[in-house]
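Raw target12.pdb, PDB, C-alpha atoms:
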```pdb
ATOM      1  CA  MET A  20      13.565 -37.302 -11.457
ATOM      2  CA  ALA A  21      16.790 -38.366  -9.857
ATOM      3  CA  GLY A  22      19.471 -35.924  -8.885
ATOM      4  CA  VAL A  23      19.661 -32.327  -7.760
ATOM      5  CA  ILE A  24      16.337 -30.524  -7.598
ATOM      6  CA  ASN A  25      16.609 -27.248  -9.488
ATOM      7  CA  VAL A  26      14.083 -24.677  -8.286
ATOM      8  CA  THR A  27      14.915 -21.875 -10.721
ATOM      9  CA  SER A  28      12.082 -22.638 -13.106
ATOM     10  CA  GLY A  29       9.694 -20.942 -10.693
ATOM     11  CA  SER A  30       7.327 -23.862 -10.192
ATOM     12  CA  GLN A  31       9.211 -26.309  -8.010
ATOM     13  CA  ALA A  32       9.406 -25.120  -4.397
ATOM     14  CA  ILE A  33       5.816 -24.319  -3.475
ATOM     15  CA  LEU A  34       4.166 -23.743  -0.100
ATOM     16  CA  THR A  35       0.462 -24.547  -0.282
ATOM     17  CA  LEU A  36      -1.998 -23.821   2.515
ATOM     18  CA  GLY A  37      -5.554 -24.943   3.083
ATOM     19  CA  ASN A  38      -8.179 -25.401   5.740
ATOM     20  CA  SER A  39      -8.193 -29.097   4.888
ATOM     21  CA  SER A  40      -5.485 -31.558   3.990
ATOM     22  CA  VAL A  41      -7.029 -32.026   0.541
ATOM     23  CA  LEU A  42      -6.779 -28.305  -0.249
ATOM     24  CA  ALA A  43      -3.183 -28.219   0.932
ATOM     25  CA  VAL A  44      -1.935 -30.786  -1.583
ATOM     26  CA  PRO A  45       0.441 -29.158  -4.104
ATOM     27  CA  GLY A  46      -1.486 -28.116  -7.195
ATOM     28  CA  ALA A  47      -4.855 -28.884  -5.632
ATOM     29  CA  ALA A  48      -7.812 -26.936  -6.982
ATOM     30  CA  GLY A  49      -8.557 -24.282  -4.391
ATOM     31  CA  GLY A  50      -5.162 -24.642  -2.743
ATOM     32  CA  PHE A  51      -3.567 -21.425  -1.556
ATOM     33  CA  SER A  52      -0.037 -21.208  -2.946
ATOM     34  CA  VAL A  53       1.774 -18.544  -0.961
ATOM     35  CA  PRO A  54       3.129 -16.124  -3.576
ATOM     36  CA  LEU A  55       6.378 -14.163  -3.739
ATOM     37  CA  VAL A  56       8.333 -16.435  -1.418
ATOM     38  CA  GLN A  57      12.011 -15.533  -1.426
ATOM     39  CA  ASP A  58      13.326 -18.488   0.519
ATOM     40  CA  LEU A  59      11.753 -21.488   2.156
ATOM     41  CA  SER A  60      13.211 -23.688   4.896
ATOM     42  CA  LEU A  61      11.991 -26.825   6.580
ATOM     43  CA  SER A  62      13.360 -27.793   9.940
ATOM     44  CA  THR A  63      13.090 -31.212  11.500
ATOM     45  CA  ALA A  64      14.846 -31.169  14.826
ATOM     46  CA  PRO A  65      14.775 -34.258  17.035
ATOM     47  CA  GLY A  66      15.017 -33.392  20.687
ATOM     48  CA  THR A  67      17.891 -35.115  22.416
ATOM     49  CA  VAL A  68      18.981 -35.621  25.970
ATOM     50  CA  ARG A  69      22.598 -36.288  26.784
ATOM     51  CA  TYR A  70      23.744 -38.220  29.779
ATOM     52  CA  SER A  71      27.000 -39.518  31.127
ATOM     53  CA  THR A  72      27.866 -42.837  32.733
ATOM     54  CA  LEU A  73      30.776 -43.852  34.878
ATOM     55  CA  ASP A  74      31.873 -46.564  32.448
ATOM     56  CA  SER A  75      32.270 -44.315  29.422
ATOM     57  CA  THR A  76      34.470 -41.328  28.586
ATOM     58  CA  SER A  77      31.947 -40.141  26.013
ATOM     59  CA  SER A  78      28.445 -38.920  26.682
ATOM     60  CA  SER A  79      25.455 -40.879  25.448
ATOM     61  CA  ALA A  80      22.150 -39.610  24.114
ATOM     62  CA  PHE A  81      18.571 -40.569  23.533
ATOM     63  CA  THR A  82      15.955 -38.789  21.492
ATOM     64  CA  THR A  83      12.776 -37.204  22.684
ATOM     65  CA  VAL A  84      10.228 -35.601  20.385
ATOM     66  CA  VAL A  85      10.798 -34.070  16.965
ATOM     67  CA  GLU A  86      10.075 -30.377  16.533
ATOM     68  CA  ASN A  87       9.102 -29.492  12.998
ATOM     69  CA  SER A  88       8.735 -26.054  11.495
ATOM     70  CA  VAL A  89       8.574 -24.274   8.166
ATOM     71  CA  SER A  90      10.086 -20.826   7.802
ATOM     72  CA  LEU A  91      10.221 -18.441   4.909
ATOM     73  CA  ASN A  92      10.642 -14.856   3.830
ATOM     74  CA  MET A  93       8.273 -13.293   1.362
ATOM     75  CA  LEU A  94       7.414 -10.069  -0.371
ATOM     76  CA  VAL A  95       4.032  -9.074   1.016
ATOM     77  CA  ASP A  96       1.200  -9.651  -1.438
ATOM     78  CA  ASP A  97      -1.937  -7.817  -0.361
ATOM     79  CA  ASP A  98      -4.379 -10.614  -1.186
ATOM     80  CA  ALA A  99      -2.205 -13.263   0.423
ATOM     81  CA  PHE A 100      -1.533 -11.217   3.533
ATOM     82  CA  PHE A 101      -4.881  -9.570   4.128
ATOM     83  CA  GLY A 102      -7.181 -12.052   2.436
ATOM     84  CA  ASN A 103      -9.210 -12.362  -0.710
ATOM     85  CA  SER A 104     -12.955 -12.350  -0.164
ATOM     86  CA  ALA A 105     -13.487 -13.671  -3.684
ATOM     87  CA  VAL A 106     -12.081 -17.024  -2.592
ATOM     88  CA  THR A 107     -14.857 -19.058  -1.039
ATOM     89  CA  ASP A 108     -13.483 -22.583  -0.935
ATOM     90  CA  ASN A 109     -10.377 -22.072   1.195
ATOM     91  CA  THR A 110     -10.700 -20.018   4.368
ATOM     92  CA  VAL A 111      -6.943 -19.564   4.690
ATOM     93  CA  ALA A 112      -6.938 -17.694   1.368
ATOM     94  CA  THR A 113     -10.190 -15.925   2.223
ATOM     95  CA  ASN A 114      -8.888 -14.622   5.536
ATOM     96  CA  GLY A 115      -5.262 -14.157   4.547
ATOM     97  CA  LEU A 116      -2.097 -14.965   6.425
ATOM     98  CA  TRP A 117      -2.356 -12.244   9.035
ATOM     99  CA  THR A 118      -5.917 -13.005  10.147
ATOM    100  CA  THR A 119      -5.234 -16.724  10.140
ATOM    101  CA  SER A 120      -2.206 -16.120  12.338
ATOM    102  CA  ASN A 121      -3.991 -13.651  14.585
ATOM    103  CA  ASN A 122      -6.916 -16.017  15.050
ATOM    104  CA  LYS A 123      -4.499 -18.848  15.850
ATOM    105  CA  THR A 124      -6.294 -20.996  13.303
ATOM    106  CA  GLU A 125      -4.681 -24.319  12.557
ATOM    107  CA  VAL A 126      -3.870 -24.751   8.874
ATOM    108  CA  PHE A 127      -2.878 -27.645   6.690
ATOM    109  CA  PHE A 128       0.146 -27.162   4.513
ATOM    110  CA  SER A 129       2.453 -28.841   2.058
ATOM    111  CA  VAL A 130       5.889 -27.993   0.772
ATOM    112  CA  ALA A 131       6.414 -29.198  -2.759
ATOM    113  CA  PHE A 132      10.027 -29.911  -3.605
ATOM    114  CA  GLU A 133       9.719 -30.700  -7.309
ATOM    115  CA  GLY A 134       6.534 -29.038  -8.466
ATOM    116  CA  THR A 135       3.091 -30.482  -9.008
ATOM    117  CA  ASP A 136       3.677 -33.280 -11.484
ATOM    118  CA  SER A 137       2.818 -36.902 -10.849
ATOM    119  CA  GLY A 138       5.471 -38.585  -8.743
ATOM    120  CA  ASP A 139       6.844 -35.329  -7.320
ATOM    121  CA  TYR A 140       7.730 -35.410  -3.642
ATOM    122  CA  TYR A 141       6.213 -33.168  -1.037
ATOM    123  CA  LEU A 142       6.106 -32.927   2.737
ATOM    124  CA  SER A 143       2.854 -32.067   4.468
ATOM    125  CA  GLY A 144       1.428 -31.469   7.885
ATOM    126  CA  LYS A 145      -0.598 -29.063   9.933
ATOM    127  CA  GLY A 146       0.330 -26.233  12.224
ATOM    128  CA  PHE A 147      -0.025 -22.633  13.191
ATOM    129  CA  ILE A 148       1.128 -19.564  11.269
ATOM    130  CA  GLY A 149       3.398 -17.276  13.240
ATOM    131  CA  GLY A 150       6.421 -15.096  12.966
ATOM    132  CA  LEU A 151       4.820 -12.532  10.699
ATOM    133  CA  ALA A 152       6.825  -9.347  11.006
ATOM    134  CA  PRO A 153       6.319  -7.207   7.917
ATOM    135  CA  SER A 154       8.784  -4.404   7.506
ATOM    136  CA  ALA A 155       9.250  -1.622   5.004
ATOM    137  CA  SER A 156      11.871   1.007   4.349
ATOM    138  CA  ILE A 157      12.587   3.396   1.552
ATOM    139  CA  ASP A 158      15.701   1.446   0.562
ATOM    140  CA  GLN A 159      13.912  -1.897   0.722
ATOM    141  CA  ALA A 160      11.123  -0.371  -1.389
ATOM    142  CA  VAL A 161       8.577  -3.138  -0.763
ATOM    143  CA  TRP A 162       7.057  -4.826   2.269
ATOM    144  CA  ILE A 163       8.909  -7.962   3.271
ATOM    145  CA  SER A 164       7.911 -10.354   6.011
ATOM    146  CA  PRO A 165       9.213 -13.539   7.548
ATOM    147  CA  MET A 166       6.741 -16.274   8.379
ATOM    148  CA  GLU A 167       6.851 -19.504  10.262
ATOM    149  CA  ILE A 168       4.564 -22.475  10.503
ATOM    150  CA  VAL A 169       4.890 -24.134  13.869
ATOM    151  CA  VAL A 170       4.094 -27.704  12.935
ATOM    152  CA  ASN A 171       1.641 -29.574  15.095
ATOM    153  CA  GLY A 172       2.701 -33.204  14.835
ATOM    154  CA  ASP A 173       4.511 -35.104  12.139
ATOM    155  CA  LEU A 174       5.561 -34.201   8.655
ATOM    156  CA  ALA A 175       4.424 -36.751   6.097
ATOM    157  CA  LYS A 176       6.428 -37.614   3.002
ATOM    158  CA  THR A 177       4.215 -38.192  -0.040
ATOM    159  CA  THR A 178       4.370 -38.242  -3.818
ATOM    160  CA  LEU A 179       1.730 -36.745  -6.037
ATOM    161  CA  PRO A 180      -0.557 -39.263  -7.752
TER     162      PRO A 180
ATOM    163  CA  MET B 150       4.220  11.595 -19.514
ATOM    164  CA  SER B 151       7.856  10.626 -19.614
ATOM    165  CA  LYS B 152      10.253  11.922 -17.005
ATOM    166  CA  ARG B 153      11.965  13.955 -19.749
ATOM    167  CA  THR B 154       8.710  15.740 -20.512
ATOM    168  CA  ASP B 155       8.158  16.395 -16.807
ATOM    169  CA  LEU B 156      11.695  17.714 -16.484
ATOM    170  CA  ILE B 157      11.337  20.078 -19.433
ATOM    171  CA  SER B 158       8.115  21.372 -17.926
ATOM    172  CA  SER B 159       9.788  21.882 -14.560
ATOM    173  CA  ILE B 160      12.781  23.661 -16.109
ATOM    174  CA  THR B 161      10.443  25.910 -18.076
ATOM    175  CA  THR B 162       8.721  26.911 -14.855
ATOM    176  CA  ASN B 163      11.954  27.460 -12.956
ATOM    177  CA  LEU B 164      13.457  29.652 -15.692
ATOM    178  CA  SER B 165      10.347  31.728 -16.246
ATOM    179  CA  GLY B 166      11.837  34.694 -14.403
ATOM    180  CA  HIS B 167      15.099  34.618 -16.339
ATOM    181  CA  SER B 168      14.484  36.247 -19.697
ATOM    182  CA  ASN B 169      17.974  35.584 -21.046
ATOM    183  CA  PHE B 170      17.464  31.833 -20.968
ATOM    184  CA  THR B 171      14.999  29.551 -22.700
ATOM    185  CA  VAL B 172      14.218  25.872 -22.876
ATOM    186  CA  SER B 173      13.952  23.813 -26.022
ATOM    187  CA  SER B 174      11.915  20.675 -26.386
ATOM    188  CA  GLU B 175      14.266  19.457 -29.102
ATOM    189  CA  LEU B 176      16.891  16.849 -28.429
ATOM    190  CA  PRO B 177      20.482  18.162 -28.435
ATOM    191  CA  PHE B 178      21.353  16.630 -31.777
ATOM    192  CA  GLU B 179      24.277  17.825 -33.817
ATOM    193  CA  SER B 180      23.752  20.388 -36.539
ATOM    194  CA  GLY B 181      26.598  21.664 -38.664
ATOM    195  CA  GLY B 182      29.088  19.677 -36.611
ATOM    196  CA  ASN B 183      28.057  21.124 -33.268
ATOM    197  CA  PRO B 184      25.367  20.107 -30.794
ATOM    198  CA  LEU B 185      22.396  22.438 -30.725
ATOM    199  CA  TYR B 186      23.215  23.814 -27.294
ATOM    200  CA  LEU B 187      26.445  25.255 -28.715
ATOM    201  CA  ASN B 188      24.679  26.635 -31.789
ATOM    202  CA  ASN B 189      21.910  28.137 -29.658
ATOM    203  CA  MET B 190      23.590  29.463 -26.555
ATOM    204  CA  ASN B 191      21.545  30.244 -23.450
ATOM    205  CA  THR B 192      19.046  27.580 -24.394
ATOM    206  CA  VAL B 193      18.629  24.502 -22.256
ATOM    207  CA  TYR B 194      18.442  21.225 -24.151
ATOM    208  CA  VAL B 195      17.273  18.057 -22.456
ATOM    209  CA  ASN B 196      18.492  14.753 -23.835
ATOM    210  CA  GLU B 197      16.439  11.582 -24.129
ATOM    211  CA  GLN B 198      16.137   9.628 -20.894
ATOM    212  CA  GLN B 199      18.216   6.502 -20.420
ATOM    213  CA  LEU B 200      16.931   3.545 -18.408
ATOM    214  CA  ASP B 201      18.881   0.964 -16.462
ATOM    215  CA  VAL B 202      16.668  -1.833 -15.161
ATOM    216  CA  GLU B 203      18.050  -4.309 -12.653
ATOM    217  CA  GLU B 204      16.460  -7.080 -10.665
ATOM    218  CA  LEU B 205      15.906  -6.076  -7.044
ATOM    219  CA  TYR B 206      14.040  -9.139  -5.806
ATOM    220  CA  ASN B 207      13.394 -12.527  -7.294
ATOM    221  CA  THR B 208      11.151 -15.110  -5.717
ATOM    222  CA  LEU B 209      10.649 -18.835  -5.968
ATOM    223  CA  ASP B 210       7.602 -18.256  -8.180
ATOM    224  CA  GLN B 211       9.556 -15.824 -10.363
ATOM    225  CA  GLY B 212       7.823 -12.748  -9.001
ATOM    226  CA  VAL B 213      10.515 -10.372 -10.134
ATOM    227  CA  VAL B 214      10.655  -6.839  -8.721
ATOM    228  CA  ASN B 215      12.876  -4.546 -10.744
ATOM    229  CA  ILE B 216      14.637  -1.352  -9.785
ATOM    230  CA  THR B 217      14.891   1.246 -12.522
ATOM    231  CA  THR B 218      17.424   4.031 -12.717
ATOM    232  CA  THR B 219      16.488   6.816 -15.105
ATOM    233  CA  THR B 220      19.242   9.164 -16.197
ATOM    234  CA  ILE B 221      18.566  12.406 -18.028
ATOM    235  CA  ASN B 222      21.186  14.900 -19.139
ATOM    236  CA  ALA B 223      20.545  18.545 -19.864
ATOM    237  CA  TYR B 224      22.886  21.044 -21.425
ATOM    238  CA  LEU B 225      23.293  24.780 -21.237
ATOM    239  CA  ALA B 226      26.041  26.752 -22.974
ATOM    240  CA  THR B 227      26.624  30.418 -22.309
ATOM    241  CA  ASP B 228      29.263  33.106 -22.755
ATOM    242  CA  ALA B 229      32.214  32.480 -20.469
ATOM    243  CA  LYS B 230      33.656  35.967 -20.823
ATOM    244  CA  GLU B 231      30.624  37.947 -19.797
ATOM    245  CA  GLN B 232      28.335  35.739 -17.782
ATOM    246  CA  PHE B 233      24.839  36.867 -16.991
ATOM    247  CA  SER B 234      24.447  38.248 -13.496
ATOM    248  CA  ASP B 235      21.770  35.654 -12.685
ATOM    249  CA  ILE B 236      23.707  32.621 -13.911
ATOM    250  CA  ASP B 237      24.175  31.265 -10.373
ATOM    251  CA  THR B 238      20.434  31.423  -9.774
ATOM    252  CA  VAL B 239      19.764  29.851 -13.147
ATOM    253  CA  VAL B 240      22.081  26.944 -12.353
ATOM    254  CA  ALA B 241      20.485  26.505  -8.936
ATOM    255  CA  ASN B 242      17.039  26.580 -10.501
ATOM    256  CA  LEU B 243      18.070  23.975 -13.043
ATOM    257  CA  LEU B 244      19.101  21.700 -10.214
ATOM    258  CA  THR B 245      15.887  22.179  -8.251
ATOM    259  CA  ALA B 246      13.928  21.644 -11.455
ATOM    260  CA  GLY B 247      14.904  18.009 -11.059
ATOM    261  CA  ASP B 248      12.510  17.590  -8.133
ATOM    262  CA  ILE B 249       9.855  16.067 -10.315
ATOM    263  CA  LEU B 250       9.257  12.722  -8.610
ATOM    264  CA  THR B 251       7.612  11.960  -5.296
ATOM    265  CA  ASN B 252       7.967   8.176  -5.488
ATOM    266  CA  ALA B 253      11.684   7.867  -6.129
ATOM    267  CA  ILE B 254      13.801   5.780  -3.779
ATOM    268  CA  ASP B 255      16.707   8.011  -4.615
ATOM    269  CA  ALA B 256      17.106  11.132  -6.710
ATOM    270  CA  THR B 257      20.382  12.873  -7.415
ATOM    271  CA  LYS B 258      21.139  15.995  -9.385
ATOM    272  CA  SER B 259      24.542  17.298 -10.316
ATOM    273  CA  TYR B 260      26.342  19.240 -12.978
ATOM    274  CA  ASP B 261      29.767  19.462 -14.581
ATOM    275  CA  ILE B 262      31.380  22.463 -16.211
ATOM    276  CA  ASP B 263      33.432  22.511 -19.365
ATOM    277  CA  VAL B 264      35.031  25.703 -20.617
ATOM    278  CA  THR B 265      36.186  25.673 -24.216
ATOM    279  CA  ASP B 266      37.406  28.913 -25.767
ATOM    280  CA  ASP B 267      34.891  31.513 -24.599
ATOM    281  CA  VAL B 268      32.010  29.135 -24.035
ATOM    282  CA  ILE B 269      31.112  27.547 -20.726
ATOM    283  CA  THR B 270      28.929  24.467 -20.966
ATOM    284  CA  TYR B 271      26.950  23.176 -18.008
ATOM    285  CA  THR B 272      26.080  19.505 -18.248
ATOM    286  CA  PHE B 273      23.390  18.541 -15.780
ATOM    287  CA  GLU B 274      22.717  14.963 -14.795
ATOM    288  CA  TYR B 275      19.462  13.930 -13.159
ATOM    289  CA  ASN B 276      19.182  10.401 -11.748
ATOM    290  CA  TYR B 277      15.988   8.826 -10.467
ATOM    291  CA  THR B 278      15.762   5.399  -8.878
ATOM    292  CA  THR B 279      12.290   3.895  -8.835
ATOM    293  CA  ILE B 280      10.598   0.530  -8.428
TER     294      ILE B 280
END
```
Once more with this new file: its structure as C-alpha cells, please.
Amino acid sequence: MAGVINVTSGSQAILTLGNSSVLAVPGAAGGFSVPLVQDLSLSTAPGTVRYSTLDSTSSSAFTTVVENSVSLNMLVDDDAFFGNSAVTDNTVATNGLWTTSNNKTEVFFSVAFEGTDSGDYYLSGKGFIGGLAPSASIDQAVWISPMEIVVNGDLAKTTLP
Amino acid sequence: MSKRTDLISSITTNLSGHSNFTVSSELPFESGGNPLYLNNMNTVYVNEQQLDVEELYNTLDQGVVNITTTTINAYLATDAKEQFSDIDTVVANLLTAGDILTNAIDATKSYDIDVTDDVITYTFEYNYTTI
C-alpha cells in the first residue's frame, strides 16, 4: 500500500511483545499486543561526535552508535499491566508489563505500521521495558502510564509473509 | 436503577419531615395547558434524565473511554405571597438530595427561581459526570 499510512481503523499501529522473536511478530498466535495504547513513538538516534579542524570554518562530524527506543502512553489494562495467568505460551503476557519491567527481563517486540496483512511493514528488536509510571486522578478518571522499551541492539525492518 | 429513580428516592427521604411538600414519581408533563408542577403546587416533579456522552480517550486499538454527563431537572412551584416557613430548608434539602452518586467525577446542583403572578417556581438542575 503506497502512500500515507492511516492508523484510524484501529488495527494498524500495533506493539506486540513476546519472550521470543516468533511470538513478537505482528499478528502471531500467542503474541501479546499491548492494548489501549494512546500514542506510540519510535526513536532511532545515531550518536554523533563533532570536531573542528583548522582548515574549515564549519565543524565536521562522525557517527558513533545508534540508540533505539520505543515509547508510548497507554490506558492501564489490568491484565496487560499485572499479568494474565491464563496465558501460558508467552511469559510477557503471563507476567504482565510491570513484573517484566521489575524483573528486568529482556523482551522481543515489534511495531507494526500497517497492520498484520501480508506485505505490511514492521520494525522489530529486543530490549527492556522501562519508564512505567502509572498515574491516576479524579479528573483523569482512569489509570494512564507511559512506557518505554530501551532497545538492545538494532531495529530490523521486515514485511509480513 | 436510573439516576432519576435514585434522585426521587433521595428527595422523598429529604422531604419526609416537611408535611406541606410531596414528591411525585410522574414526569412533569403538561395537563390542561400547564405543567403538572403548576397544577399541583408544593409537589416536586422530577423530569426524565438527559445524557450527553462524549469521548474522553481513544486509543490506537479503538479502546474508547466515554465520559457521560447526566442532567436531571426537578420542579417545585409554591405560593409566592405566603411562603411556607420551612421553604428555605426544603430548598436546601432538595439540593442535598442530589448527593446520590459516589463514583461521579463531578456533581453539581443548582436552582433557578421564576416568579410569575403569585407563583414562585424553583427549577433544580442536577448534573453528574461519570465514566
*asked:* I'd like the residues picked by the PyMOL selection byres ((chain A) within 9 of (chain B)) written out as a PyMOL selection string, using the chain letters and numbers from the file.
replied: chain A and resi 26-33+54-59+93-94+157-161
Residues from the last selection, C-alpha atoms, saved as a CSV table (one decimal), keeping the file's coordinate frame:
```csv
chain,number,residue,atom,x,y,z
A,26,VAL,CA,14.1,-24.7,-8.3
A,27,THR,CA,14.9,-21.9,-10.7
A,28,SER,CA,12.1,-22.6,-13.1
A,29,GLY,CA,9.7,-20.9,-10.7
A,30,SER,CA,7.3,-23.9,-10.2
A,31,GLN,CA,9.2,-26.3,-8.0
A,32,ALA,CA,9.4,-25.1,-4.4
A,33,ILE,CA,5.8,-24.3,-3.5
A,54,PRO,CA,3.1,-16.1,-3.6
A,55,LEU,CA,6.4,-14.2,-3.7
A,56,VAL,CA,8.3,-16.4,-1.4
A,57,GLN,CA,12.0,-15.5,-1.4
A,58,ASP,CA,13.3,-18.5,0.5
A,59,LEU,CA,11.8,-21.5,2.2
A,93,MET,CA,8.3,-13.3,1.4
A,94,LEU,CA,7.4,-10.1,-0.4
A,157,ILE,CA,12.6,3.4,1.6
A,158,ASP,CA,15.7,1.4,0.6
A,159,GLN,CA,13.9,-1.9,0.7
A,160,ALA,CA,11.1,-0.4,-1.4
A,161,VAL,CA,8.6,-3.1,-0.8
```
*Apply the PyMOL selection byres ((chain A and resi 132) around 8) to the structure shown and report the selected residues as a list in words.*
Ile24, Gln31, Ala32, Ile33, Val130, Ala131, Glu133, Gly134, Asp139, Tyr140 and Tyr141 of chain A
*Do a neighbour search on Val264 of chain B at 10 Å with all atoms listed in the file, toss out local chain neighbours closer than 2 positions, and write the hits as an MDAnalysis selection string.*
chainID B and resid 226:229 262 266:271
*Given the file above and the PyMOL selection byres ((chain A and resi 64-76) around 12), which residues are selected, and can you give them as a list of chain:residue names?*
A:Leu61, A:Ser62, A:Thr63, A:Ser77, A:Ser78, A:Ser79, A:Ala80, A:Phe81, A:Thr82, A:Thr83, A:Val84, A:Val85, A:Glu86, A:Asn87, A:Ser88, A:Val89, A:Val170, A:Asp173, A:Leu174
*Tell me which of B:Ser151, B:Asn191, B:Asn242, B:Thr278 sits closest to Ser165 of chain B, counting all atoms listed in the file.*
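That would be B:Asn242, the residue with the smallest distance to Ser165 of chain B.
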Would you give the centre and edge lengths, in Å to one decimal, of a box along x, y and z around the listed atoms of segment 98-108 of chain A, with 4 Å added to each side, as AutoDock Vina command-line options?
```
--center_x -8.2 --center_y -16.1 --center_z 0.2 --size_x 21.3 --size_y 21.0 --size_z 15.8
```
*With all atoms listed in the file counted, which protein, DNA or RNA residues have an atom no more than 12 Å from (3.4, -41.4, -1.8) in the file frame? Please answer as a PyMOL selection string.*
chain A and resi 44+137-143+175-180
*Counting all atoms listed in the file, find the residues whose atoms lie at most 7 Å from (-5.6, -22.2, 5.9) (file coordinates) and write them out as a list in words.*
Leu36, Gly37, Asn38, Asn109, Thr110, Val111, Ala112, Thr119, Val126 and Phe127 of chain A
_Length of the atom CA of Ala241 of chain B to atom CA of Leu156 of chain B vector [Å]_ =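 Pair atom CA of Ala241 of chain B / atom CA of Leu156 of chain B returns 14.5 Å.
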*Kindly give the distance, in Å, that separates atom CA of Tyr186 of chain B and atom CA of Val240 of chain B, rounded to a single decimal.*
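Distance reported for this atom pair: 15.3 Å.
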_Need the shell around Val202 of chain B: protein/DNA/RNA residues with any atom at most 9 Å away, counting all atoms listed in the file. Skip same-chain ones fewer than 6 positions apart. Format as a list of chain:residue names?_
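What passes the distance filter is B:Asn215, B:Ile216, B:Thr217, B:Thr218, B:Thr219.
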*Work out how far atom CA of Pro165 of chain A is from atom CA of Glu125 of chain A, in Å to one decimal.*
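So the two atoms, atom CA of Glu125 of chain A and atom CA of Pro165 of chain A, lie 18.3 Å apart.
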As an mmCIF file, keeping the file's coordinate frame, could you write out segment 183-201 of chain B once it has been completed with N, CA and C atoms?
```cif
data_model
loop_
_atom_site.group_PDB
_atom_site.id
_atom_site.type_symbol
_atom_site.label_atom_id
_atom_site.label_comp_id
_atom_site.auth_asym_id
_atom_site.auth_seq_id
_atom_site.Cartn_x
_atom_site.Cartn_y
_atom_site.Cartn_z
ATOM 1 N N ASN B 183 28.124 20.762 -34.685
ATOM 2 C CA ASN B 183 28.057 21.124 -33.268
ATOM 3 C C ASN B 183 26.703 20.722 -32.688
ATOM 4 N N PRO B 184 26.675 20.358 -31.418
ATOM 5 C CA PRO B 184 25.367 20.107 -30.794
ATOM 6 C C PRO B 184 24.568 21.401 -30.701
ATOM 7 N N LEU B 185 23.267 21.256 -30.669
ATOM 8 C CA LEU B 185 22.396 22.438 -30.725
ATOM 9 C C LEU B 185 22.646 23.411 -29.591
ATOM 10 N N TYR B 186 23.033 22.884 -28.418
ATOM 11 C CA TYR B 186 23.215 23.814 -27.294
ATOM 12 C C TYR B 186 24.422 24.728 -27.486
ATOM 13 N N LEU B 187 25.346 24.346 -28.391
ATOM 14 C CA LEU B 187 26.445 25.255 -28.715
ATOM 15 C C LEU B 187 26.031 26.217 -29.829
ATOM 16 N N ASN B 188 25.183 25.740 -30.732
ATOM 17 C CA ASN B 188 24.679 26.635 -31.789
ATOM 18 C C ASN B 188 23.707 27.672 -31.223
ATOM 19 N N ASN B 189 22.911 27.237 -30.245
ATOM 20 C CA ASN B 189 21.910 28.137 -29.658
ATOM 21 C C ASN B 189 22.235 28.320 -28.178
ATOM 22 N N MET B 190 23.158 29.245 -27.939
ATOM 23 C CA MET B 190 23.590 29.463 -26.555
ATOM 24 C C MET B 190 22.426 30.012 -25.723
ATOM 25 N N ASN B 191 22.540 29.783 -24.435
ATOM 26 C CA ASN B 191 21.545 30.244 -23.450
ATOM 27 C C ASN B 191 20.206 29.525 -23.593
ATOM 28 N N THR B 192 20.246 28.408 -24.257
ATOM 29 C CA THR B 192 19.046 27.580 -24.394
ATOM 30 C C THR B 192 19.336 26.218 -23.779
ATOM 31 N N VAL B 193 18.456 25.789 -22.921
ATOM 32 C CA VAL B 193 18.629 24.502 -22.256
ATOM 33 C C VAL B 193 18.067 23.403 -23.150
ATOM 34 N N TYR B 194 18.881 22.392 -23.380
ATOM 35 C CA TYR B 194 18.442 21.225 -24.151
ATOM 36 C C TYR B 194 18.452 20.004 -23.229
ATOM 37 N N VAL B 195 17.406 19.245 -23.301
ATOM 38 C CA VAL B 195 17.273 18.057 -22.456
ATOM 39 C C VAL B 195 17.350 16.827 -23.351
ATOM 40 N N ASN B 196 18.291 15.959 -23.022
ATOM 41 C CA ASN B 196 18.492 14.753 -23.835
ATOM 42 C C ASN B 196 17.423 13.699 -23.523
ATOM 43 N N GLU B 197 17.374 12.684 -24.354
ATOM 44 C CA GLU B 197 16.439 11.582 -24.129
ATOM 45 C C GLU B 197 16.820 10.845 -22.847
ATOM 46 N N GLN B 198 15.840 10.340 -22.134
ATOM 47 C CA GLN B 198 16.137 9.628 -20.894
ATOM 48 C C GLN B 198 16.703 8.245 -21.182
ATOM 49 N N GLN B 199 17.625 7.833 -20.319
ATOM 50 C CA GLN B 199 18.216 6.502 -20.420
ATOM 51 C C GLN B 199 17.771 5.674 -19.220
ATOM 52 N N LEU B 200 17.414 4.427 -19.477
ATOM 53 C CA LEU B 200 16.931 3.545 -18.408
ATOM 54 C C LEU B 200 17.930 2.429 -18.137
ATOM 55 N N ASP B 201 18.079 2.111 -16.874
ATOM 56 C CA ASP B 201 18.881 0.964 -16.462
ATOM 57 C C ASP B 201 18.018 0.152 -15.507
#
```
